[in-house]
>>> print(open('target35.tsv').read())   # TSV, C-alpha atoms
chain	number	residue	atom	x	y	z
A	1	VAL	CA	102.97	107.96	71.62
A	2	ALA	CA	103.32	104.16	71.60
A	3	LEU	CA	106.04	104.40	68.93
A	4	ILE	CA	108.25	106.56	71.19
A	5	PRO	CA	110.54	104.31	73.30
A	6	CYS	CA	109.68	104.27	77.01
A	7	SER	CA	112.14	106.10	79.26
A	8	PRO	CA	112.02	107.05	82.94
A	9	ASP	CA	111.27	110.68	83.78
A	10	LEU	CA	114.64	111.62	85.25
A	11	ARG	CA	113.76	115.24	85.91
A	12	THR	CA	110.76	114.26	88.01
A	13	PHE	CA	112.91	111.93	90.11
A	14	ALA	CA	115.50	114.65	90.66
A	15	TYR	CA	112.90	117.30	91.47
A	16	ARG	CA	111.12	115.16	94.06
A	17	ILE	CA	114.37	114.34	95.86
A	18	ASP	CA	115.53	117.96	95.74
A	19	ASN	CA	112.27	119.06	97.32
A	20	ALA	CA	112.00	116.30	99.93
A	21	ARG	CA	112.37	117.72	103.42
A	22	ILE	CA	113.06	116.14	106.80
A	23	THR	CA	110.11	117.27	108.89
A	24	ASP	CA	110.42	114.84	111.83
A	25	PRO	CA	111.98	116.92	114.67
A	26	GLU	CA	113.42	113.83	116.36
A	27	LEU	CA	115.10	112.69	113.15
A	28	ARG	CA	116.53	116.16	112.59
A	29	ARG	CA	117.88	116.22	116.13
A	30	GLN	CA	119.50	112.83	115.68
A	31	LEU	CA	121.10	113.98	112.44
A	32	GLU	CA	122.76	116.82	114.33
A	33	LEU	CA	123.87	114.50	117.11
A	34	PHE	CA	125.19	111.91	114.67
A	35	THR	CA	127.24	114.57	112.91
A	36	GLY	CA	129.03	115.59	116.10
A	37	ASP	CA	129.15	112.27	117.91
A	38	CYS	CA	130.11	109.99	115.02
A	39	TRP	CA	131.12	111.59	111.74
A	40	GLN	CA	133.32	114.39	113.04
A	41	LYS	CA	135.13	112.04	115.43
A	42	ALA	CA	135.60	109.36	112.76
A	43	ARG	CA	136.88	111.87	110.25
A	44	ALA	CA	139.29	113.40	112.75
A	45	LYS	CA	140.62	109.91	113.57
A	46	PHE	CA	141.10	109.15	109.87
A	47	ILE	CA	143.00	112.40	109.24
A	48	THR	CA	145.25	112.13	112.29
A	49	SER	CA	146.14	108.52	111.50
A	50	HIS	CA	147.27	109.54	107.96
A	51	THR	CA	145.28	106.67	106.50
A	52	VAL	CA	144.92	106.41	102.72
A	53	LEU	CA	141.39	105.87	101.44
A	54	PRO	CA	141.22	102.61	99.43
A	55	ALA	CA	140.61	102.98	95.71
A	56	SER	CA	137.42	100.90	95.97
A	57	TYR	CA	135.65	103.85	97.63
A	58	PRO	CA	134.71	107.14	95.92
A	59	PRO	CA	137.24	109.93	96.53
A	60	ASP	CA	134.63	112.01	98.39
A	61	ASP	CA	133.21	109.13	100.44
A	62	LEU	CA	134.51	110.60	103.71
A	63	ASP	CA	132.85	113.96	103.08
A	64	TRP	CA	129.41	113.02	104.34
A	65	ILE	CA	127.93	111.45	107.45
A	66	GLY	CA	126.95	108.16	105.78
A	67	SER	CA	130.50	107.35	104.66
A	68	GLN	CA	130.65	103.73	103.50
A	69	TYR	CA	134.30	103.48	104.50
A	70	PHE	CA	133.52	104.47	108.09
A	71	GLN	CA	130.75	101.87	108.17
A	72	ASP	CA	132.89	99.06	106.74
A	73	THR	CA	136.15	99.70	108.60
A	74	ASP	CA	136.60	98.52	112.16
A	75	GLY	CA	137.52	101.30	114.55
A	76	TYR	CA	135.31	103.99	113.10
A	77	TYR	CA	131.51	103.67	113.17
A	78	GLY	CA	131.87	100.14	114.49
A	79	ASN	CA	134.43	98.51	116.76
A	80	ALA	CA	134.99	94.88	117.70
A	81	ASN	CA	135.60	96.12	121.24
A	82	LEU	CA	132.36	97.73	122.41
A	83	ASN	CA	134.21	99.66	125.12
A	84	LEU	CA	136.25	101.47	122.44
A	85	SER	CA	133.42	102.09	119.97
A	86	ILE	CA	132.24	105.56	119.03
A	87	ARG	CA	128.71	105.93	120.39
A	88	ALA	CA	125.93	108.43	120.89
A	89	SER	CA	126.48	111.01	123.63
A	90	GLU	CA	122.98	110.51	125.06
A	91	GLU	CA	120.21	107.94	125.30
A	92	LEU	CA	118.22	107.57	122.12
A	93	PRO	CA	114.63	106.31	121.78
A	94	GLY	CA	114.38	102.98	119.99
A	95	PHE	CA	117.77	101.67	121.15
A	96	PRO	CA	117.45	99.41	124.24
A	97	TYR	CA	119.95	99.55	127.10
A	98	ASN	CA	122.87	97.12	126.73
A	99	ALA	CA	124.85	96.44	129.91
A	100	ALA	CA	127.90	95.25	127.95
A	101	ARG	CA	127.94	98.47	125.94
A	102	ASP	CA	126.50	101.14	128.21
A	103	THR	CA	129.01	100.86	131.06
A	104	GLU	CA	129.06	104.50	132.13
A	105	TYR	CA	126.10	104.14	134.49
A	106	LEU	CA	126.24	103.38	138.19
A	107	PRO	CA	125.54	99.79	139.25
A	108	GLY	CA	121.85	99.12	139.67
A	109	PHE	CA	120.75	102.05	137.47
A	110	ILE	CA	119.11	101.07	134.21
A	111	PRO	CA	118.16	103.94	131.88
A	112	ALA	CA	115.07	103.83	129.70
A	113	TRP	CA	117.17	103.75	126.52
A	114	GLY	CA	120.75	103.02	125.57
A	115	ARG	CA	123.51	104.81	123.69
A	116	PRO	CA	124.10	102.89	120.44
A	117	GLU	CA	127.36	102.69	118.57
A	118	CYS	CA	127.42	104.62	115.29
A	119	ASN	CA	126.95	101.67	112.93
A	120	ASP	CA	123.83	100.52	114.76
A	121	TRP	CA	122.62	104.10	115.06
A	122	TRP	CA	122.89	104.58	111.31
A	123	ASN	CA	121.77	101.17	109.98
A	124	ASN	CA	119.33	99.81	112.56
A	125	ALA	CA	116.32	98.46	110.64
A	126	THR	CA	113.70	99.93	112.98
A	127	SER	CA	115.25	103.02	114.61
A	128	GLY	CA	118.30	103.76	112.46
A	129	ILE	CA	118.79	107.11	110.73
A	130	MET	CA	119.43	105.66	107.27
A	131	PRO	CA	116.19	103.61	106.95
A	132	ARG	CA	114.16	106.58	108.19
A	133	LEU	CA	115.76	108.81	105.59
A	134	MET	CA	115.30	106.25	102.83
A	135	ALA	CA	111.57	106.19	103.61
A	136	LEU	CA	111.42	109.79	102.37
A	137	ILE	CA	112.74	108.84	98.91
A	138	ASP	CA	110.49	107.58	96.13
A	139	SER	CA	110.94	103.83	95.64
A	140	ALA	CA	110.89	104.30	91.86
A	141	ALA	CA	113.84	106.69	92.17
A	142	ILE	CA	115.76	104.09	94.16
A	143	THR	CA	115.07	101.47	91.50
A	144	GLN	CA	116.16	103.78	88.67
A	145	ALA	CA	119.33	104.85	90.50
A	146	THR	CA	120.18	101.19	91.16
A	147	ILE	CA	119.79	100.41	87.45
A	148	GLU	CA	122.09	103.28	86.47
A	149	THR	CA	124.76	102.75	89.12
A	150	GLY	CA	124.61	98.94	89.10
A	151	ASP	CA	124.91	98.81	92.90
A	152	ILE	CA	122.00	99.25	95.31
A	153	GLU	CA	124.24	100.42	98.18
A	154	LEU	CA	125.88	103.02	95.97
A	155	ALA	CA	122.45	104.10	94.75
A	156	LYS	CA	121.21	104.54	98.31
A	157	ASN	CA	124.28	106.55	99.26
A	158	VAL	CA	124.05	108.99	96.37
A	159	LEU	CA	120.33	109.50	96.92
A	160	LEU	CA	120.84	110.06	100.64
A	161	ARG	CA	123.55	112.64	99.93
A	162	LYS	CA	121.17	114.40	97.57
A	163	LEU	CA	118.45	114.33	100.22
A	164	ILE	CA	120.66	115.60	103.03
A	165	ALA	CA	122.42	118.35	101.06
A	166	PRO	CA	119.60	120.98	101.30
A	167	GLU	CA	119.36	120.43	105.07
A	168	GLN	CA	122.85	121.73	105.82
A	169	ALA	CA	121.92	125.38	106.23
A	170	VAL	CA	118.64	124.59	107.98
A	171	LEU	CA	120.21	122.30	110.55
A	172	GLY	CA	123.09	124.67	111.14
A	173	ARG	CA	125.64	121.87	110.94
A	174	ASN	CA	127.93	120.55	108.24
A	175	LEU	CA	126.25	117.27	107.41
A	176	GLU	CA	128.78	116.93	104.62
A	177	ILE	CA	131.68	118.92	103.27
A	178	ASN	CA	130.60	120.96	100.30
A	179	SER	CA	133.33	120.07	97.83
A	180	TYR	CA	131.86	122.45	95.28
A	181	GLN	CA	132.56	125.40	97.54
A	182	ASN	CA	135.96	124.04	98.56
A	183	ASN	CA	137.05	123.67	94.94
A	184	TYR	CA	136.34	127.31	94.27
A	185	ASN	CA	137.82	128.58	97.52
A	186	ALA	CA	141.01	126.60	96.90
A	187	LYS	CA	141.62	128.57	93.72
A	188	ALA	CA	142.47	131.94	95.18
A	189	GLY	CA	142.94	133.57	91.80
A	190	ASN	CA	139.64	132.46	90.31
A	191	ILE	CA	137.28	134.93	91.97
A	192	ALA	CA	135.43	135.53	88.71
A	193	GLN	CA	135.03	131.80	88.19
A	194	GLY	CA	133.65	131.39	91.69
A	195	ALA	CA	131.17	134.22	91.17
A	196	ALA	CA	130.08	132.68	87.88
A	197	GLY	CA	129.59	129.34	89.60
A	198	VAL	CA	127.39	130.90	92.28
A	199	GLY	CA	125.39	132.71	89.61
A	200	LEU	CA	124.86	129.55	87.62
A	201	THR	CA	123.80	127.70	90.77
A	202	VAL	CA	121.16	130.31	91.56
A	203	GLU	CA	119.98	130.29	87.96
A	204	LEU	CA	119.67	126.51	87.92
A	205	ALA	CA	117.77	126.53	91.21
A	206	SER	CA	115.16	128.84	89.67
A	207	TRP	CA	114.84	126.88	86.42
A	208	ILE	CA	114.28	123.41	87.86
A	209	PRO	CA	110.90	124.14	89.54
A	210	LYS	CA	109.74	126.09	86.47
A	211	ILE	CA	110.39	123.17	84.13
A	212	TYR	CA	108.80	120.70	86.55
A	213	ALA	CA	105.70	122.90	86.97
A	214	LEU	CA	105.40	123.35	83.20
A	215	ARG	CA	105.63	119.63	82.53
A	216	GLN	CA	103.05	118.81	85.19
A	217	ALA	CA	100.63	121.58	84.20
A	218	ALA	CA	100.76	121.07	80.42
A	219	PRO	CA	98.61	117.87	80.24
A	220	VAL	CA	96.13	119.35	82.72
A	221	GLY	CA	95.77	122.52	80.66
A	222	GLN	CA	95.39	120.43	77.51
A	223	SER	CA	92.49	118.44	78.98
A	224	PHE	CA	90.67	121.57	80.17
A	225	ILE	CA	91.00	123.22	76.76
A	226	LEU	CA	89.59	120.12	75.06
A	227	MET	CA	86.74	120.06	77.57
A	228	GLY	CA	85.90	123.67	76.70
A	229	ILE	CA	85.90	122.94	72.96
A	230	TYR	CA	83.68	119.87	73.37
A	231	THR	CA	81.29	121.85	75.57
A	232	PHE	CA	80.78	124.68	73.09
A	233	LEU	CA	81.07	122.59	69.90
A	234	PRO	CA	77.28	122.06	69.41
A	235	PHE	CA	76.61	125.79	69.74
A	236	ILE	CA	79.49	126.68	67.38
A	237	LEU	CA	78.15	124.37	64.67
A	238	LEU	CA	74.57	125.55	65.19
A	239	PHE	CA	75.35	129.26	65.04
A	240	SER	CA	77.58	128.77	61.98
A	241	ALA	CA	74.74	126.96	60.18
A	242	TYR	CA	77.01	123.91	59.97
A	243	SER	CA	79.51	125.75	57.82
A	244	THR	CA	82.15	123.55	56.23
A	245	GLU	CA	84.89	126.05	57.01
A	246	VAL	CA	83.92	126.22	60.70
A	247	LEU	CA	83.77	122.42	60.88
A	248	TYR	CA	87.26	122.16	59.36
A	249	THR	CA	88.61	124.80	61.75
A	250	VAL	CA	87.24	123.04	64.84
A	251	THR	CA	88.49	119.65	63.61
A	252	ALA	CA	91.97	121.05	62.99
A	253	ALA	CA	91.99	122.69	66.43
A	254	ILE	CA	91.01	119.47	68.22
A	255	PHE	CA	93.57	117.45	66.26
A	256	GLY	CA	96.28	120.02	66.98
A	257	ILE	CA	95.61	120.07	70.71
A	258	LYS	CA	95.46	116.27	70.94
A	259	PHE	CA	98.73	115.94	69.02
A	260	LEU	CA	100.50	117.92	71.77
A	261	THR	CA	100.69	114.66	73.77
A	262	PRO	CA	103.19	112.93	71.43
A	263	ILE	CA	105.08	116.22	71.07
A	264	TRP	CA	105.55	116.49	74.84
A	265	THR	CA	106.35	112.78	75.10
A	266	LEU	CA	109.05	113.20	72.48
A	267	ALA	CA	110.37	116.26	74.34
A	268	VAL	CA	110.67	114.24	77.57
A	269	TRP	CA	112.44	111.42	75.73
A	270	ILE	CA	114.92	113.83	74.13
A	271	ASP	CA	115.50	115.65	77.43
A	272	ASN	CA	116.26	112.43	79.33
A	273	HIS	CA	118.66	111.18	76.67
A	274	MET	CA	120.38	114.55	76.47
A	275	MET	CA	121.04	114.36	80.21
A	276	GLU	CA	122.51	110.89	79.81
A	277	GLY	CA	124.50	111.85	76.73
A	278	LEU	CA	126.02	114.91	78.41
A	279	GLY	CA	127.02	112.90	81.47
A	280	ILE	CA	124.66	114.67	83.90
A	281	LYS	CA	123.58	112.38	86.73
A	282	TRP	CA	120.13	113.24	88.07
A	283	TYR	CA	120.83	111.31	91.26
A	284	SER	CA	124.09	113.08	92.01
A	285	TRP	CA	124.19	114.64	95.47
A	286	MET	CA	125.90	117.67	93.90
A	287	SER	CA	123.56	118.80	91.13
A	288	PHE	CA	125.47	121.93	90.23
A	289	GLN	CA	128.92	120.53	89.59
A	290	GLU	CA	131.63	122.95	88.63
A	291	ASP	CA	132.20	121.41	85.21
A	292	LYS	CA	128.50	120.77	84.49
A	293	ALA	CA	126.87	124.04	85.56
A	294	THR	CA	126.96	125.69	82.14
A	295	THR	CA	125.82	122.45	80.49
A	296	MET	CA	122.87	122.27	82.89
A	297	VAL	CA	121.83	125.83	82.04
A	298	ILE	CA	121.89	125.02	78.32
A	299	LEU	CA	120.01	121.76	78.90
A	300	ASN	CA	117.32	123.53	80.93
A	301	LEU	CA	116.94	126.13	78.20
A	302	VAL	CA	116.58	123.44	75.54
A	303	ALA	CA	114.00	121.60	77.67
A	304	MET	CA	111.94	124.76	78.08
A	305	LEU	CA	112.13	125.46	74.35
A	306	MET	CA	110.95	121.94	73.51
A	307	PHE	CA	107.93	122.25	75.78
A	308	VAL	CA	106.96	125.76	74.69
A	309	VAL	CA	108.36	126.49	71.23
A	310	LEU	CA	107.58	123.12	69.63
A	311	PRO	CA	103.81	123.44	70.31
A	312	ILE	CA	103.91	127.02	68.99
A	313	LEU	CA	105.58	125.85	65.78
A	314	TRP	CA	103.07	123.00	65.51
A	315	PHE	CA	100.10	125.36	65.67
A	316	ALA	CA	101.83	127.70	63.23
A	317	VAL	CA	102.08	124.81	60.76
A	318	ILE	CA	98.40	123.94	61.26
A	319	GLY	CA	97.43	127.58	60.75
A	320	TRP	CA	99.53	127.82	57.60
A	321	SER	CA	98.02	124.60	56.20
A	322	GLY	CA	94.52	125.89	56.90
A	323	PHE	CA	95.28	129.18	55.19
A	324	ALA	CA	96.77	127.36	52.18
A	325	LEU	CA	93.75	125.06	51.96
A	326	HIS	CA	91.40	128.02	52.10
A	327	LYS	CA	93.24	129.69	49.22
A	328	THR	CA	93.09	126.45	47.22
A	329	MET	CA	89.36	126.17	47.76
A	330	ASP	CA	88.89	129.79	46.64
A	331	THR	CA	90.87	129.03	43.48
A	332	PHE	CA	88.64	126.08	42.68
A	333	LYS	CA	85.61	128.30	43.17
A	334	ILE	CA	86.98	130.83	40.67
A	335	ILE	CA	87.75	128.09	38.11
A	336	ASN	CA	84.37	126.44	38.51
A	337	SER	CA	82.35	129.65	38.55
A	338	PRO	CA	81.88	129.87	34.69
A	339	VAL	CA	80.74	126.27	34.54
A	340	GLU	CA	78.49	126.79	37.51
A	341	ASN	CA	77.03	129.98	35.98
A	342	GLY	CA	76.49	128.23	32.65
A	343	THR	CA	74.80	125.32	34.34
A	344	ASN	CA	72.53	127.66	36.25
A	345	THR	CA	71.67	129.57	33.05
A	346	ALA	CA	70.86	126.37	31.15
A	347	THR	CA	68.75	125.17	34.03
A	348	ASN	CA	66.83	128.43	34.12
A	349	ILE	CA	66.20	128.35	30.34
A	350	ALA	CA	65.05	124.74	30.49
A	351	THR	CA	62.78	125.50	33.40
A	352	GLY	CA	61.28	128.49	31.59
A	353	MET	CA	60.65	126.55	28.39
A	354	ALA	CA	59.08	123.73	30.33
A	355	SER	CA	56.81	126.18	32.08
A	356	LYS	CA	55.69	127.76	28.78
A	357	GLY	CA	55.00	124.36	27.22
A	358	ALA	CA	52.95	123.29	30.16
A	359	GLY	CA	50.95	126.51	29.96
A	360	LYS	CA	50.06	125.97	26.30
A	361	LEU	CA	48.91	122.44	26.94
A	362	LEU	CA	46.61	123.60	29.68
A	363	LYS	CA	45.01	126.11	27.33
>>> encode(input="target35.tsv", output="structure tokens")
Amino acid sequence: VALIPCSPDLRTFAYRIDNARITDPELRRQLELFTGDCWQKARAKFITSHTVLPASYPPDDLDWIGSQYFQDTDGYYGNANLNLSIRASEELPGFPYNAARDTEYLPGFIPAWGRPECNDWWNNATSGIMPRLMALIDSAAITQATIETGDIELAKNVLLRKLIAPEQAVLGRNLEINSYQNNYNAKAGNIAQGAAGVGLTVELASWIPKIYALRQAAPVGQSFILMGIYTFLPFILLFSAYSTEVLYTVTAAIFGIKFLTPIWTLAVWIDNHMMEGLGIKWYSWMSFQEDKATTMVILNLVAMLMFVVLPILWFAVIGWSGFALHKTMDTFKIINSPVENGTNTATNIATGMASKGAGKLLK
């Protein structure tokens, strides 16, 4: 195992993010509010102003609520003039009242909480939506995504998109525009292609948890099998009268089961590098991309084969070697049988003659 180069477990990172859920009801409510109060208004302003998105931002940056362009550009999530800023439509816990910002109240009335502008609402270190969402993501996944993207802000954005994507249907709001669906719907003549894409998406969704469960359960099953063998090993040897063949069989079985560890480690290494080589990004917010869906199906099939078929082939090789060794030992027995018989005969004759000579001397 030590000879296999270390590599991060990309599938585990992807699976954990895909299965992370926003359970805090207050956070879910604020996500819905932020969508209507900030993102939809900012996007409508961008479209009506016929602004061109700068090339320094991803082409789909505006298609989700955490758009970096809306955060960076004055007049959208933030505004130099607080009176013109886009803000929350109601008071939000964790955001203190600001008289210079919250001017819609009657003189002398101070509410318990204020209505933050969108930038503060999203990025606030203690009560912001983004830090609370990032707390749901594994820190190791953030580190790995930063290494691969080369930019921590970009890494956070792609992981947040991946986290938010499954919540769209549950929250009943469009937290982001599903470009995958739009691409298919825009091609009116490609009904078959759209159906195939949906089918591949469903198939991929069923394969990912299976592969993750198999990879997590395999080492556990291996340890329990070894425990069973070690428990019954004294009785097996005793009841077999310490047979050499039984001892060899048990030794081969233990070695074969233990050697599954480097086999699975190699399978993980190959799987991770296949993902990288095929251009599949585990951290992508859109796992089932139109041009990668078929590739993902093939990759998942190969991963399953490596974890299941490789161990089967390994035990088949061990069984074949044991059978071949048994035949070789039988051949040696056949070759040595005349010599062994002759030796036994000579020994018996010598013993008989010695017995007769001893008898005569006693007389």
>>> residues_around(input="target35.tsv", residues="range 119-132 of chain A", least_positions_apart="3", cutoff="12 Å", atoms="all atoms listed in the file", output="JSON, numbers by chain")
{"A": [22, 23, 24, 26, 27, 28, 29, 30, 31, 32, 33, 34, 35, 37, 38, 39, 42, 65, 66, 67, 68, 69, 70, 71, 72, 73, 74, 75, 76, 77, 78, 79, 80, 82, 85, 86, 87, 88, 89, 90, 91, 92, 93, 94, 95, 96, 114, 115, 116, 135, 136, 137, 153, 156, 157, 159, 160, 161, 163, 164]}
>>> closest_residue(input="target35.tsv", among="A:Lys162, A:Arg101, A:Arg11, A:Lys45", to="Asn272 in chain A", atoms="all atoms listed in the file")
A:Arg11
>>> closest_residue(input="target35.tsv", among="A:Leu84, A:Ala140, A:Leu299, A:Met227", to="Gly279 in chain A", atoms="only C-alpha atoms")
A:Leu299
>>> atom_distance(input="target35.tsv", atom1="CA of Thr249 in chain A", atom2="CA of Ile312 in chain A")
17.1 Å
>>> closest_residue(input="target35.tsv", among="A:Arg21, A:Phe315, A:Glu245, A:Ile257", to="Met134 in chain A", atoms="only C-alpha atoms")
A:Arg21
